[in-house]
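Report on the following structure.
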Amino acid sequence: MITQGSQCTANFVYFDSANVYIGQAAHCSGTGGSTDTNGCSSPTLPVGTQVSVQGASKPGVMVYNSWATMQSQGEKDPNTCAFNDLALVKLDPADAAKVNPSVPRWGGPTGVATSTGFLEQVYSYGNSELRFGIAQLSPKTGFSLGSDSGGWNNTVYTLTPGIPGDSGSGFLNSGGKAFGILSTVQLIPLPGANGVGSLALELQYLHSHVSSFSGVQLANGTEPFKGGLPL
């Protein structure tokens, strides 16, 4: 997914009674520097911005952005500001029927998980342009250090670590449930770790703060979850 030149990886597919959406990180449409990660103060492109979606015949439209929502509603909670990092891109009806919600290589998701356990195995799929299209480097697995920051963040290690361009990619727990979205690459105090925002809390925030999206749900995969190591 490319938002005015910024490339990120999609996470999951979402839907309501009228539309199909692709998820990406809210910070993918941020207009500040790489250190501007506070969603309550960092500048962002507005809702209505067009987003190029790989494989789609027409651009999608960003119809929800957690950063823009938090700023408009004066959110102050520091954990929410730091890790509420979800945007929804509405697909054109011409492209909605082409979408399969299954996570490449792993299958699933099989629902939404509220957290991860300490050393629980986790799974993801990144699509950074920095990997030059080498598909074997996209599937990732590793482990979680568990939830922190009031449940808003899960610190994970994967092989290979998430890199720029993987931002926004979805994470599955050991049972194939979606638990988060890649939000940050950490240098200190845990080099090589990634911060994964809680999808359950991000969806809860969406439902409670934007009434028009109260019916948005995660789409489960059509392919069964297949854990293990990348082939």
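Order determines the names: the first chain of the structure tokens is A, the second B, and so forth; residues in each chain are numbered 1 upward, and ligands are numbered 1 upward as they are shown.
Excluding A:Gly221 itself and any same-chain residue fewer than 3 positions from it, the protein and nucleic acid residues within 6 Å of it, counting only C-alpha atoms, are Pro101, Ser102, Gly108 and Pro109 of chain A.
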Problem - Per-residue DSSP, stretch 14-212 of chain A, filtered to strand (DSSP E or B), as a count of residues only - result: 61
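The two atoms in question, atom CA of A:Gly32 and atom CA of A:Leu159, are spaced 28.9 Å apart.
For the residues A:Asn11, A:Ser128, A:Thr184, A:Thr35, ranking by smallest atom-to-atom distance to A:Phe171 using only C-alpha atoms places A:Asn11 first.
Look at A:Lys140: the protein and nucleic acid residues within 10 Å of it, using only C-alpha atoms and passing over chain neighbours fewer than 5 places away, are Arg105, Trp106, Val122, Tyr123, Ser124, Tyr125, Gly126, Tyr157, Thr158, Leu159, Thr160, Pro161, Gly162, Phe171, Leu229 and Pro230 of chain A.
Going from atom CA of A:Thr3 to atom CA of A:Asp92 covers 15.9 Å.
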